[in-house]
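Asks: This is final.cif (mmCIF, C-alpha atoms and all ligand atoms).
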data_target
loop_
_atom_site.label_atom_id
_atom_site.label_comp_id
_atom_site.auth_asym_id
_atom_site.auth_seq_id
_atom_site.Cartn_x
_atom_site.Cartn_y
_atom_site.Cartn_z
CA MET A 1 -27.37 1.40 -2.08
CA ALA A 2 -24.53 -0.98 -1.28
CA ARG A 3 -21.11 -0.19 -2.74
CA ARG A 4 -20.22 -2.86 -5.32
CA ILE A 5 -16.65 -3.95 -4.85
CA ALA A 6 -13.97 -5.85 -6.75
CA VAL A 7 -11.23 -7.25 -4.50
CA LEU A 8 -7.88 -7.79 -6.24
CA GLY A 9 -5.64 -10.07 -4.20
CA SER A 10 -8.66 -11.54 -2.41
CA THR A 11 -6.81 -14.46 -0.80
CA GLY A 12 -4.02 -12.33 0.68
CA SER A 13 -3.90 -10.54 4.02
CA ILE A 14 -5.63 -7.30 2.93
CA GLY A 15 -8.05 -9.21 0.67
CA THR A 16 -9.32 -11.54 3.39
CA GLN A 17 -9.64 -8.63 5.83
CA THR A 18 -11.63 -6.71 3.19
CA LEU A 19 -14.00 -9.68 3.01
CA ASP A 20 -14.22 -9.54 6.83
CA VAL A 21 -15.42 -5.95 6.55
CA ALA A 22 -17.94 -7.01 3.89
CA ARG A 23 -19.22 -9.82 6.13
CA ARG A 24 -19.91 -7.29 8.86
CA HIS A 25 -21.67 -4.78 6.59
CA PRO A 26 -23.68 -6.79 4.03
CA ASP A 27 -26.13 -3.88 3.71
CA LYS A 28 -23.35 -1.44 2.75
CA VAL A 29 -20.79 -3.54 0.88
CA GLN A 30 -21.45 -6.05 -1.89
CA ILE A 31 -18.55 -8.09 -3.25
CA VAL A 32 -19.07 -8.51 -7.02
CA ALA A 33 -15.66 -9.59 -8.36
CA LEU A 34 -12.52 -11.30 -7.06
CA ALA A 35 -8.98 -11.64 -8.37
CA ALA A 36 -6.42 -14.01 -6.89
CA GLY A 37 -3.02 -15.34 -7.93
CA ARG A 38 -2.57 -19.06 -7.32
CA ARG A 39 -5.07 -20.00 -4.62
CA ALA A 40 -8.00 -20.84 -6.93
CA GLU A 41 -9.76 -23.14 -4.47
CA GLU A 42 -9.80 -20.42 -1.82
CA ALA A 43 -11.00 -17.80 -4.33
CA PHE A 44 -13.81 -20.12 -5.47
CA ALA A 45 -14.90 -20.64 -1.84
CA GLN A 46 -14.99 -16.85 -1.42
CA ALA A 47 -17.04 -16.53 -4.62
CA ALA A 48 -19.53 -19.09 -3.31
CA GLU A 49 -19.84 -17.36 0.07
CA PHE A 50 -20.38 -13.88 -1.36
CA GLY A 51 -22.39 -14.85 -4.45
CA VAL A 52 -19.71 -13.44 -6.75
CA HIS A 53 -20.06 -14.08 -10.52
CA TYR A 54 -16.60 -12.95 -11.71
CA VAL A 55 -13.25 -14.43 -10.68
CA ALA A 56 -9.92 -13.61 -12.32
CA LEU A 57 -6.93 -15.87 -11.61
CA GLY A 58 -3.21 -15.39 -12.13
CA GLN A 59 -2.85 -18.94 -13.44
CA GLU A 60 -5.01 -21.93 -14.48
CA PRO A 61 -7.06 -23.34 -11.56
CA GLU A 62 -5.58 -26.87 -11.99
CA GLY A 63 -8.35 -29.16 -10.81
CA ALA A 64 -10.20 -26.67 -8.61
CA GLU A 65 -13.84 -26.40 -9.77
CA PRO A 66 -15.57 -23.00 -9.74
CA PRO A 67 -19.08 -22.81 -8.21
CA ALA A 68 -21.96 -22.85 -10.71
CA GLY A 69 -22.56 -19.52 -12.46
CA VAL A 70 -19.07 -18.18 -11.84
CA ASN A 71 -17.26 -16.70 -14.82
CA VAL A 72 -13.53 -17.55 -14.53
CA SER A 73 -10.82 -15.77 -16.52
CA VAL A 74 -7.06 -16.30 -16.38
CA GLY A 75 -4.00 -14.12 -16.92
CA ALA A 76 -2.81 -10.54 -16.49
CA GLN A 77 -5.41 -9.13 -18.88
CA ALA A 78 -8.19 -10.85 -16.89
CA VAL A 79 -7.58 -8.54 -13.91
CA ALA A 80 -7.57 -5.43 -16.12
CA ASP A 81 -10.89 -6.57 -17.64
CA LEU A 82 -12.39 -7.28 -14.20
CA VAL A 83 -12.02 -3.70 -12.95
CA LYS A 84 -13.88 -2.37 -16.01
CA LEU A 85 -17.05 -4.43 -15.37
CA PRO A 86 -20.10 -2.14 -15.21
CA GLU A 87 -21.13 -3.91 -11.95
CA VAL A 88 -18.01 -2.59 -10.16
CA ASP A 89 -18.08 0.78 -8.31
CA VAL A 90 -14.95 0.40 -6.17
CA VAL A 91 -11.76 -1.59 -6.72
CA VAL A 92 -9.76 -2.69 -3.68
CA ASN A 93 -6.28 -3.18 -5.13
CA ALA A 94 -4.37 -5.46 -2.76
CA LEU A 95 -2.14 -7.06 -5.39
CA VAL A 96 1.49 -7.51 -4.34
CA GLY A 97 4.25 -5.51 -5.98
CA ALA A 98 4.52 -3.63 -9.27
CA ALA A 99 1.94 -6.01 -10.78
CA GLY A 100 -0.70 -3.80 -9.17
CA LEU A 101 0.12 -0.73 -11.25
CA GLN A 102 -1.77 -1.73 -14.39
CA ALA A 103 -4.90 -2.56 -12.37
CA SER A 104 -4.79 0.82 -10.59
CA TYR A 105 -4.39 2.59 -13.92
CA GLU A 106 -7.30 0.72 -15.56
CA THR A 107 -9.52 1.29 -12.50
CA LEU A 108 -9.18 5.06 -12.64
CA ARG A 109 -9.33 5.12 -16.43
CA ALA A 110 -12.70 3.39 -16.13
CA GLY A 111 -13.82 6.16 -13.74
CA LYS A 112 -14.05 3.85 -10.69
CA VAL A 113 -13.00 4.51 -7.11
CA LEU A 114 -9.59 3.02 -6.31
CA ALA A 115 -9.11 1.82 -2.71
CA LEU A 116 -5.38 1.32 -2.81
CA ALA A 117 -3.35 -1.07 -0.69
CA ASN A 118 -0.83 -1.69 -3.48
CA LYS A 119 1.66 1.06 -2.65
CA GLU A 120 3.85 0.21 -5.66
CA SER A 121 1.13 1.70 -7.88
CA LEU A 122 2.05 5.14 -6.58
CA VAL A 123 5.75 4.47 -5.98
CA VAL A 124 6.26 3.33 -9.56
CA GLY A 125 3.45 5.14 -11.38
CA GLY A 126 2.44 8.08 -9.17
CA ASP A 127 3.16 10.51 -12.02
CA LEU A 128 0.52 8.71 -14.13
CA ILE A 129 -1.94 7.68 -11.41
CA MET A 130 -2.42 11.01 -9.63
CA PRO A 131 -3.54 13.03 -12.70
CA LEU A 132 -6.03 10.23 -13.49
CA ALA A 133 -7.33 10.31 -9.90
CA ALA A 134 -7.82 14.08 -10.19
CA GLN A 135 -9.87 13.51 -13.36
CA VAL A 136 -12.09 10.95 -11.61
CA ASP A 137 -12.47 13.36 -8.67
CA ASP A 138 -13.73 15.99 -11.13
CA GLN A 139 -16.12 13.47 -12.69
CA ARG A 140 -17.47 12.59 -9.25
CA ARG A 141 -18.02 16.24 -8.37
CA ALA A 142 -19.72 16.91 -11.71
CA ALA A 143 -21.97 13.87 -11.23
CA GLY A 144 -22.90 14.97 -7.70
CA ILE A 145 -21.59 11.75 -6.10
CA ALA A 146 -18.62 13.33 -4.25
CA PRO A 147 -19.01 14.14 -0.53
CA ALA A 148 -20.19 17.69 0.21
CA HIS A 149 -16.96 18.41 2.15
CA GLY A 150 -13.42 17.05 1.89
CA PRO A 151 -11.75 15.15 -0.96
CA ALA A 152 -13.93 13.73 -3.75
CA GLY A 153 -12.67 10.25 -2.86
CA ALA A 154 -11.56 8.77 -6.20
CA LEU A 155 -8.35 7.46 -4.62
CA MET A 156 -8.66 6.14 -1.08
CA PRO A 157 -5.44 4.93 0.60
CA ILE A 158 -5.68 1.67 2.56
CA ASP A 159 -2.22 1.89 4.09
CA SER A 160 -2.68 2.73 7.79
CA GLU A 161 -0.27 5.71 7.63
CA HIS A 162 -1.89 7.29 4.59
CA GLY A 163 -5.38 6.56 5.84
CA ALA A 164 -4.37 8.40 9.02
CA ILE A 165 -2.95 11.42 7.17
CA TYR A 166 -5.99 11.49 4.86
CA GLN A 167 -8.25 11.77 7.91
CA CYS A 168 -6.05 14.41 9.62
CA LEU A 169 -6.21 16.57 6.47
CA ILE A 170 -9.99 16.61 6.13
CA GLY A 171 -11.29 20.13 6.70
CA GLU A 172 -7.80 21.65 6.50
CA ALA A 173 -6.36 24.00 3.87
CA ALA A 174 -3.39 22.57 1.94
CA ARG A 175 -1.42 25.84 2.30
CA GLU A 176 -1.58 25.53 6.11
CA VAL A 177 -0.02 22.06 6.17
CA GLU A 178 3.61 22.30 7.24
CA ARG A 179 4.74 18.70 7.50
CA LEU A 180 3.58 15.09 7.30
CA TRP A 181 4.89 12.79 10.02
CA VAL A 182 4.83 9.18 8.84
CA THR A 183 5.17 6.84 11.80
CA ALA A 184 7.13 3.58 11.70
CA SER A 185 7.11 0.68 14.17
CA GLY A 186 10.83 0.32 13.50
CA GLY A 187 10.36 -3.37 12.70
CA PRO A 188 11.66 -6.43 14.60
CA PHE A 189 15.33 -5.36 14.39
CA ARG A 190 15.04 -1.86 15.81
CA GLY A 191 18.14 -1.00 17.86
CA ARG A 192 20.39 -3.59 16.19
CA THR A 193 23.70 -2.79 14.52
CA ARG A 194 24.66 -3.75 10.96
CA ASP A 195 26.95 -6.46 12.36
CA GLU A 196 24.03 -8.01 14.21
CA LEU A 197 21.98 -8.08 11.00
CA ARG A 198 24.50 -10.06 8.91
CA GLU A 199 23.15 -13.51 9.78
CA ILE A 200 19.43 -12.64 9.91
CA THR A 201 17.20 -15.37 8.43
CA ALA A 202 13.85 -15.02 6.64
CA ALA A 203 12.04 -16.61 9.60
CA GLN A 204 13.46 -13.99 11.99
CA ALA A 205 12.55 -11.14 9.63
CA LEU A 206 9.01 -12.48 9.19
CA ALA A 207 8.13 -11.95 12.88
CA HIS A 208 6.76 -8.39 12.87
CA PRO A 209 6.10 -6.89 16.33
CA THR A 210 2.78 -5.08 15.70
CA TRP A 211 1.21 -5.60 12.27
CA ASN A 212 0.13 -8.92 10.80
CA MET A 213 0.89 -8.77 7.04
CA GLY A 214 1.99 -10.79 4.01
CA PRO A 215 5.67 -11.92 3.64
CA LYS A 216 6.85 -9.28 1.11
CA ILE A 217 5.61 -6.30 3.12
CA THR A 218 6.82 -7.87 6.40
CA ILE A 219 10.39 -8.06 5.06
CA ASP A 220 10.02 -4.50 3.72
CA SER A 221 8.91 -3.41 7.20
CA SER A 222 11.97 -4.98 8.78
CA THR A 223 14.38 -3.25 6.34
CA LEU A 224 12.41 0.06 6.55
CA MET A 225 11.99 -0.14 2.75
CA ASN A 226 8.27 -0.21 3.49
CA LYS A 227 8.62 3.20 5.14
CA GLY A 228 10.61 4.48 2.20
CA LEU A 229 7.88 3.33 -0.18
CA GLU A 230 5.35 5.04 2.08
CA VAL A 231 7.27 8.34 1.93
CA ILE A 232 7.08 8.24 -1.88
CA GLU A 233 3.41 7.24 -1.66
CA ALA A 234 2.71 10.22 0.67
CA HIS A 235 4.54 12.57 -1.69
CA HIS A 236 2.18 11.63 -4.53
CA LEU A 237 -1.05 11.22 -2.57
CA PHE A 238 -0.81 14.50 -0.67
CA ASP A 239 1.25 16.51 -3.18
CA MET A 240 3.89 17.18 -0.54
CA PRO A 241 7.60 17.90 -1.25
CA TYR A 242 10.01 15.36 0.23
CA ASP A 243 11.67 17.85 2.59
CA ARG A 244 8.32 18.20 4.35
CA ILE A 245 7.75 14.50 4.90
CA SER A 246 9.43 13.12 8.04
CA VAL A 247 9.60 9.58 9.35
CA VAL A 248 9.48 8.98 13.11
CA VAL A 249 9.76 5.63 14.85
CA GLN A 250 6.78 5.03 17.15
CA PRO A 251 7.33 1.47 18.40
CA GLN A 252 3.84 0.97 19.88
CA SER A 253 2.22 1.75 16.48
CA ALA A 254 -0.60 3.46 18.39
CA ILE A 255 -0.10 6.65 16.40
CA HIS A 256 -0.67 5.79 12.75
CA SER A 257 0.71 9.10 11.45
CA MET A 258 0.47 12.86 12.08
CA VAL A 259 0.06 16.18 10.29
CA GLU A 260 1.76 19.35 11.50
CA PHE A 261 0.20 22.72 10.61
CA SER A 262 1.66 26.19 10.11
CA ASP A 263 0.66 27.30 13.62
CA GLY A 264 2.59 24.40 15.17
CA SER A 265 -0.54 22.37 15.94
CA VAL A 266 -0.25 18.66 15.26
CA LYS A 267 -3.11 16.26 14.55
CA ALA A 268 -2.39 12.59 15.17
CA HIS A 269 -4.50 9.59 14.22
CA LEU A 270 -4.60 6.87 16.87
CA GLY A 271 -6.34 3.55 17.04
CA THR A 272 -6.05 -0.18 17.47
CA THR A 273 -3.48 -1.78 15.14
CA ASP A 274 -5.99 -3.64 13.00
CA MET A 275 -5.89 -3.22 9.21
CA ARG A 276 -9.65 -3.69 8.99
CA ILE A 277 -10.05 -0.11 10.26
CA PRO A 278 -8.17 1.61 7.39
CA ILE A 279 -9.69 -0.85 4.90
CA GLN A 280 -13.17 -0.08 6.14
CA TYR A 281 -12.59 3.68 6.14
CA ALA A 282 -11.49 3.52 2.50
CA LEU A 283 -14.86 1.89 1.75
CA SER A 284 -17.06 3.94 4.11
CA TYR A 285 -15.69 7.45 3.37
CA PRO A 286 -17.09 10.00 4.04
CA GLU A 287 -19.02 7.95 6.63
CA ARG A 288 -17.72 5.89 9.53
CA TRP A 289 -19.18 2.48 10.26
CA ASP A 290 -18.91 0.27 13.35
CA ALA A 291 -15.75 -1.86 13.30
CA PRO A 292 -15.23 -5.32 14.78
CA VAL A 293 -12.18 -4.31 16.82
CA GLN A 294 -11.33 -3.53 20.43
CA PRO A 295 -10.97 0.25 20.83
CA LEU A 296 -7.73 1.59 22.30
CA ASP A 297 -7.82 1.72 26.10
CA PHE A 298 -5.68 4.76 26.87
CA THR A 299 -5.59 3.91 30.59
CA LYS A 300 -3.69 0.72 29.67
CA LEU A 301 -1.59 2.13 26.81
CA GLY A 302 1.28 3.24 29.06
CA SER A 303 3.94 5.32 27.36
CA LEU A 304 4.33 6.41 23.76
CA GLU A 305 7.95 6.48 22.54
CA PHE A 306 9.38 8.36 19.58
CA ALA A 307 12.79 8.11 17.91
CA ALA A 308 14.54 9.07 14.71
CA PRO A 309 14.95 6.13 12.29
CA ASP A 310 18.47 4.65 12.03
CA THR A 311 19.06 5.10 8.30
CA ASP A 312 22.75 4.12 8.53
CA THR A 313 21.74 0.62 9.59
CA PHE A 314 18.47 0.44 7.67
CA ARG A 315 19.69 1.91 4.40
CA CYS A 316 16.63 1.04 2.36
CA LEU A 317 14.75 4.00 3.85
CA ALA A 318 17.43 6.46 2.70
CA LEU A 319 17.70 4.77 -0.71
CA ALA A 320 13.95 4.95 -1.31
CA ARG A 321 13.82 8.58 -0.25
CA ALA A 322 16.72 9.39 -2.59
CA ALA A 323 14.90 7.60 -5.42
CA GLY A 324 11.76 9.61 -4.72
CA GLU A 325 13.63 12.91 -4.59
CA ARG A 326 15.34 12.21 -7.92
CA GLY A 327 11.96 11.06 -9.26
CA GLY A 328 11.20 10.04 -12.84
CA THR A 329 11.75 6.34 -13.45
CA LEU A 330 14.21 5.86 -10.56
CA PRO A 331 11.55 4.74 -8.03
CA CYS A 332 10.40 2.14 -10.60
CA ALA A 333 13.92 0.68 -10.90
CA MET A 334 14.45 0.90 -7.12
CA ASN A 335 11.18 -0.90 -6.40
CA ALA A 336 11.80 -3.70 -8.92
CA ALA A 337 15.28 -4.31 -7.49
CA ASN A 338 13.82 -4.50 -4.01
CA GLU A 339 11.17 -7.03 -5.09
CA ILE A 340 13.86 -9.29 -6.58
CA ALA A 341 16.19 -8.90 -3.58
CA VAL A 342 13.38 -9.63 -1.08
CA ALA A 343 12.24 -12.70 -3.05
CA ALA A 344 15.85 -13.95 -3.13
CA PHE A 345 16.19 -13.40 0.63
CA LEU A 346 12.91 -15.24 1.32
CA ALA A 347 14.13 -18.12 -0.87
CA GLY A 348 17.38 -18.33 1.09
CA GLU A 349 19.43 -17.19 -1.93
CA GLY A 350 20.37 -13.69 -0.81
CA THR A 351 21.39 -12.15 2.50
CA TYR A 352 19.50 -9.63 4.57
CA LEU A 353 22.03 -6.81 4.17
CA GLY A 354 22.33 -7.76 0.50
CA ILE A 355 18.82 -6.34 -0.09
CA ALA A 356 19.99 -2.72 0.29
CA GLU A 357 23.19 -3.46 -1.68
CA CYS A 358 21.18 -4.84 -4.57
CA VAL A 359 18.78 -1.88 -4.55
CA GLU A 360 21.65 0.61 -4.51
CA ALA A 361 23.53 -1.13 -7.34
CA VAL A 362 20.47 -1.13 -9.60
CA MET A 363 19.72 2.52 -8.79
CA ASN A 364 23.29 3.45 -9.71
CA ALA A 365 23.05 1.53 -13.00
CA HIS A 366 19.74 3.10 -14.00
CA ASP A 367 19.59 5.86 -16.60
CA VAL A 368 16.73 7.98 -15.19
CA GLN A 369 14.00 9.20 -17.56
CA ALA A 370 10.78 11.20 -17.08
CA VAL A 371 7.72 8.94 -16.62
CA GLU A 372 5.73 8.77 -19.87
CA SER A 373 3.65 5.61 -20.00
CA ILE A 374 2.76 2.32 -18.38
CA GLY A 375 4.61 0.54 -21.20
CA GLN A 376 7.80 2.46 -20.46
CA LEU A 377 7.52 1.64 -16.73
CA LEU A 378 6.95 -2.06 -17.47
CA GLU A 379 10.10 -2.08 -19.62
CA ILE A 380 12.20 -0.42 -16.92
CA ASP A 381 10.71 -2.74 -14.32
CA ALA A 382 11.81 -5.74 -16.41
CA TRP A 383 15.29 -4.27 -16.97
CA ALA A 384 15.72 -3.57 -13.25
CA ARG A 385 14.66 -7.11 -12.32
CA ALA A 386 17.23 -8.61 -14.68
CA GLU A 387 19.89 -6.24 -13.37
CA ALA A 388 18.94 -7.06 -9.74
CA ARG A 389 19.31 -10.82 -10.34
CA LYS A 390 23.00 -10.20 -11.14
CA GLN A 391 23.38 -8.44 -7.79
CA ILE A 392 22.03 -11.13 -5.43
CA ARG A 393 24.56 -12.05 -2.75
MG MG B 1 1.83 1.10 6.28
#
Can you give me the file's structure in the form of structure tokens?
Replies:
Amino acid sequence: MARRIAVLGSTGSIGTQTLDVARRHPDKVQIVALAAGRRAEEAFAQAAEFGVHYVALGQEPEGAEPPAGVNVSVGAQAVADLVKLPEVDVVVNALVGAAGLQASYETLRAGKVLALANKESLVVGGDLIMPLAAQVDDQRRAAGIAPAHGPAGALMPIDSEHGAIYQCLIGEAAREVERLWVTASGGPFRGRTRDELREITAAQALAHPTWNMGPKITIDSSTLMNKGLEVIEAHHLFDMPYDRISVVVQPQSAIHSMVEFSDGSVKAHLGTTDMRIPIQYALSYPERWDAPVQPLDFTKLGSLEFAAPDTDTFRCLALARAAGERGGTLPCAMNAANEIAVAAFLAGEGTYLGIAECVEAVMNAHDVQAVESIGQLLEIDAWARAEARKQIR
């Protein structure tokens, strides 16, 4: 039976690539619901192509006409309602930023599989999301729908690094895992000094060397904040203490991440840099399906380089790691400040180096609490955004 999928953020980079996977495997994947922010016309075209009956939009469609038979809902609650539809088995959450947290929470609360590209869900709400995922894993085992071996699959990471680590861990005992190695491309400004980064423009920062992604994550990749968020994400997903999660720059992005074991053996996950592979794996697990990508040709790959990240220049990585280590609500405040600072930089209102300064100022101003509820996190998120706006320079 085909897996029935809701795609949140269907008109974005991950969303459209998810639909690419669905196009290639119509017998295995059925798209049943779509959520998009502003691009109503595009979402309606997707609904028509895939025969989707439910579309949730971030704002009114303004003139765009839905295809016949499509149920359109608008607003934040519309997305939360979409994931609870009985027709939905799997939710691909590719919303941008902290807005994705509520959808992740509702997905797991409804007992559905969460294929997660929205890393902020775990960065901000990992303390709430992971216990829910464990509950859904138990439900899947009890219902006999979990794979015979390996994780029960309630929470499937779509990030390439976490997809890689997930695969390296299958068949391994948690107590024998020594270290997670999260690889980083290093971004377009690898090797530059702080002085050379002072005048960087949004256009320069948007040119990523290896991965083709949306603007927010591309800026985060250039500042290494993306890697910092991924360290926090790995901590939650794989229940690994921070001192056993290392970041290594691997400029070719051929190695998507690695796991080191207690006997010194290291498993690495390699492959073509195409996000459709990790997206598809999150949907196909525990199976593998054919993918529409060129395989890696090792005879043409040349050399693989490795280097330590420069956290003095790219301070966002160190700030995010510090936020994760302190834990509680600090990652929530850190993430919200980063979202505001990146938006300001993209709008030409803030500077490139100002992003880390803003994040640090908000972290210092935040009174850290233990994570208790989504409502509490939303309040802190709002406070941190207001605080961050005062720090744009
Ligand atoms: Mg990644």
Asks: Find the spatial neighbours of Val266 (chain A), counting all atoms listed in the file, within a cut-off of 10 Å - ignore same-chain residues fewer than 4 positions away - and output them as a list in words.
Replies: Cys168, Val177, Glu178, Arg179, Leu180, Trp181, Met258, Val259, Glu260, Phe261 and Ser262 of chain A
Asks: Looking at all atoms listed in the file, which of A:Gln139, A:Gln294, A:Gln376, A:Ser303 is the one that sits closest to Ala333 (chain A)?
Replies: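 Selected residue with least distance to Ala333 (chain A): A:Gln376.
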Asks: With distances taken over only C-alpha atoms, which residue among A:Ile5, A:Ile165, A:Ala56, A:Leu85 lies nearest Leu237 (chain A)?
Replies: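 Residue with the minimum atom-to-atom distance to Leu237 (chain A): A:Ile165.
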Asks: Within 12 Å of ligand MG 1 (chain B) (counting all atoms listed in the file), which residues show up? I'd like them as a tab-separated table (two decimals) with C-alpha atoms, in the coordinates of the input.
Replies:
chain	number	residue	atom	x	y	z
A	14	ILE	CA	-5.63	-7.30	2.93
A	116	LEU	CA	-5.38	1.32	-2.81
A	117	ALA	CA	-3.35	-1.07	-0.69
A	118	ASN	CA	-0.83	-1.69	-3.48
A	119	LYS	CA	1.66	1.06	-2.65
A	157	PRO	CA	-5.44	4.93	0.60
A	158	ILE	CA	-5.68	1.67	2.56
A	159	ASP	CA	-2.22	1.89	4.09
A	160	SER	CA	-2.68	2.73	7.79
A	161	GLU	CA	-0.27	5.71	7.63
A	162	HIS	CA	-1.89	7.29	4.59
A	163	GLY	CA	-5.38	6.56	5.84
A	164	ALA	CA	-4.37	8.40	9.02
A	165	ILE	CA	-2.95	11.42	7.17
A	182	VAL	CA	4.83	9.18	8.84
A	183	THR	CA	5.17	6.84	11.80
A	184	ALA	CA	7.13	3.58	11.70
A	185	SER	CA	7.11	0.68	14.17
A	186	GLY	CA	10.83	0.32	13.50
A	187	GLY	CA	10.36	-3.37	12.70
A	210	THR	CA	2.78	-5.08	15.70
A	211	TRP	CA	1.21	-5.60	12.27
A	212	ASN	CA	0.13	-8.92	10.80
A	213	MET	CA	0.89	-8.77	7.04
A	217	ILE	CA	5.61	-6.30	3.12
A	218	THR	CA	6.82	-7.87	6.40
A	220	ASP	CA	10.02	-4.50	3.72
A	221	SER	CA	8.91	-3.41	7.20
A	224	LEU	CA	12.41	0.06	6.55
A	225	MET	CA	11.99	-0.14	2.75
A	226	ASN	CA	8.27	-0.21	3.49
A	227	LYS	CA	8.62	3.20	5.14
A	228	GLY	CA	10.61	4.48	2.20
A	229	LEU	CA	7.88	3.33	-0.18
A	230	GLU	CA	5.35	5.04	2.08
A	231	VAL	CA	7.27	8.34	1.93
A	233	GLU	CA	3.41	7.24	-1.66
A	234	ALA	CA	2.71	10.22	0.67
A	247	VAL	CA	9.60	9.58	9.35
A	253	SER	CA	2.22	1.75	16.48
A	255	ILE	CA	-0.10	6.65	16.40
A	256	HIS	CA	-0.67	5.79	12.75
A	257	SER	CA	0.71	9.10	11.45
A	273	THR	CA	-3.48	-1.78	15.14
A	274	ASP	CA	-5.99	-3.64	13.00
A	275	MET	CA	-5.89	-3.22	9.21
A	278	PRO	CA	-8.17	1.61	7.39
A	279	ILE	CA	-9.69	-0.85	4.90
Asks: Residues proximal to (17.5, -13.1, -6.7) were defined as those with any atom within 9 Å of that point in the file's coordinates, counting all atoms listed in the file. Which are they, as a list in words?
Replies: Glu339, Ile340, Ala341, Val342, Ala343, Ala344, Phe345, Ala347, Glu349, Gly350, Arg385, Ala388, Arg389, Lys390, Gln391, Ile392 and Arg393 of chain A
Asks: Using the file's own x, y and z axes, what box holds all listed atoms of region 16-32 of chain A with 5 Å on each side, keeping edges along x, y and z, and what are its centre and edge lengths in Å to one decimal, as lines of an AutoDock Vina configuration file?
Replies:
center_x = -17.7
center_y = -6.5
center_z = 0.9
size_x = 26.8
size_y = 20.1
size_z = 25.9
Asks: From the set A:Gly12, A:Pro251, A:Gly264, A:Gly144, which residue has the shortest atom-to-atom contact distance to Gly37 (chain A), counting all atoms listed in the file?
Replies: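 Once distances to Gly37 (chain A) are computed over all atoms listed in the file, the minimum belongs to A:Gly12.
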Asks: Would you mind listing what lies within 7 Å of Asp137 (chain A) as a ChimeraX atom specification, with all atoms listed in the file counted and same-chain residues fewer than 6 positions away left out?
Replies: /A:152-154
Asks: I need the residues from that last selection saved to file as a PDB file, keeping the file's coordinate frame (with C-alpha atoms), if you can.
Replies:
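This is the output file selection24.pdb:
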ATOM      1  CA  ALA A 152     -13.930  13.730  -3.750  1.00  0.00           C
ATOM      2  CA  GLY A 153     -12.670  10.250  -2.860  1.00  0.00           C
ATOM      3  CA  ALA A 154     -11.560   8.770  -6.200  1.00  0.00           C
TER       4      ALA A 154
END
Asks: Would you compute the distance between CA of Gly51 (chain A) and CA of Leu34 (chain A)? Give it in Å to one decimal.
Replies: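 About the pair CA of Gly51 (chain A) and CA of Leu34 (chain A): they are 10.8 Å apart.
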Asks: Which one of A:Leu319, A:Leu122, A:Val72, A:Val90 sits closest to Ser284 (chain A) if you count all atoms listed in the file?
Replies: A:Val90
Asks: So the first atom is CA of Ala64 (chain A) and the second is CA of Glu41 (chain A); what is the distance between them in Å, to one decimal place?
Replies: 5.5 Å
Asks: For a quick check of understanding, using all atoms listed in the file, which of A:Leu296, A:Ala337, A:Ile374, A:Ala76 has the smallest distance to Glu360 (chain A)?
Replies: A:Ala337
Asks: Rank nothing, just name the residue among A:Ser246, A:Thr311, A:Thr329, A:Thr18 nearest to Ile380 (chain A), using only C-alpha atoms.
Replies: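 The shortest atom-to-atom distance to Ile380 (chain A) comes from A:Thr329.
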Asks: To one decimal place in Å, what is the distance between CA of Ile170 (chain A) and CA of Tyr285 (chain A)?
Replies: 11.1 Å
Asks: Is there a way to get, as number ranges by chain, all residues within 9 Å of the point (-25.0, 0.7, 1.0) in file coordinates, counting all atoms listed in the file?
Replies: A: 1-4, 25-30
Asks: Which residues come within 8 Å of Leu155 (chain A), counting all atoms listed in the file, excluding same-chain residues fewer than 6 positions away, as a PyMOL selection string?
Replies: chain A and resi 113-116+133
Asks: Per residue of region 330-362 of chain A within 12 Å of region 99-104 of chain A, which atom pair is closest and at what distance in Å (one decimal), using all atoms listed in the file, listed by chain and increasing number, as JSON lines?
Replies:
{"residue": "A:Cys332", "atom": "CA", "partner": "A:Leu101", "partner_atom": "CA", "distance": 10.7}
{"residue": "A:Asn335", "atom": "CA", "partner": "A:Ala99", "partner_atom": "CA", "distance": 11.4}
{"residue": "A:Ala336", "atom": "CA", "partner": "A:Ala99", "partner_atom": "CA", "distance": 10.3}
{"residue": "A:Glu339", "atom": "CA", "partner": "A:Ala99", "partner_atom": "CA", "distance": 10.9}
Asks: Print the selection's residues with C-alpha atoms to a file, as an mmCIF file, keeping the file's coordinate frame.
Replies:
data_model
loop_
_atom_site.group_PDB
_atom_site.id
_atom_site.type_symbol
_atom_site.label_atom_id
_atom_site.label_comp_id
_atom_site.auth_asym_id
_atom_site.auth_seq_id
_atom_site.Cartn_x
_atom_site.Cartn_y
_atom_site.Cartn_z
ATOM 1 C CA CYS A 332 10.400 2.140 -10.600
ATOM 2 C CA ASN A 335 11.180 -0.900 -6.400
ATOM 3 C CA ALA A 336 11.800 -3.700 -8.920
ATOM 4 C CA GLU A 339 11.170 -7.030 -5.090
#
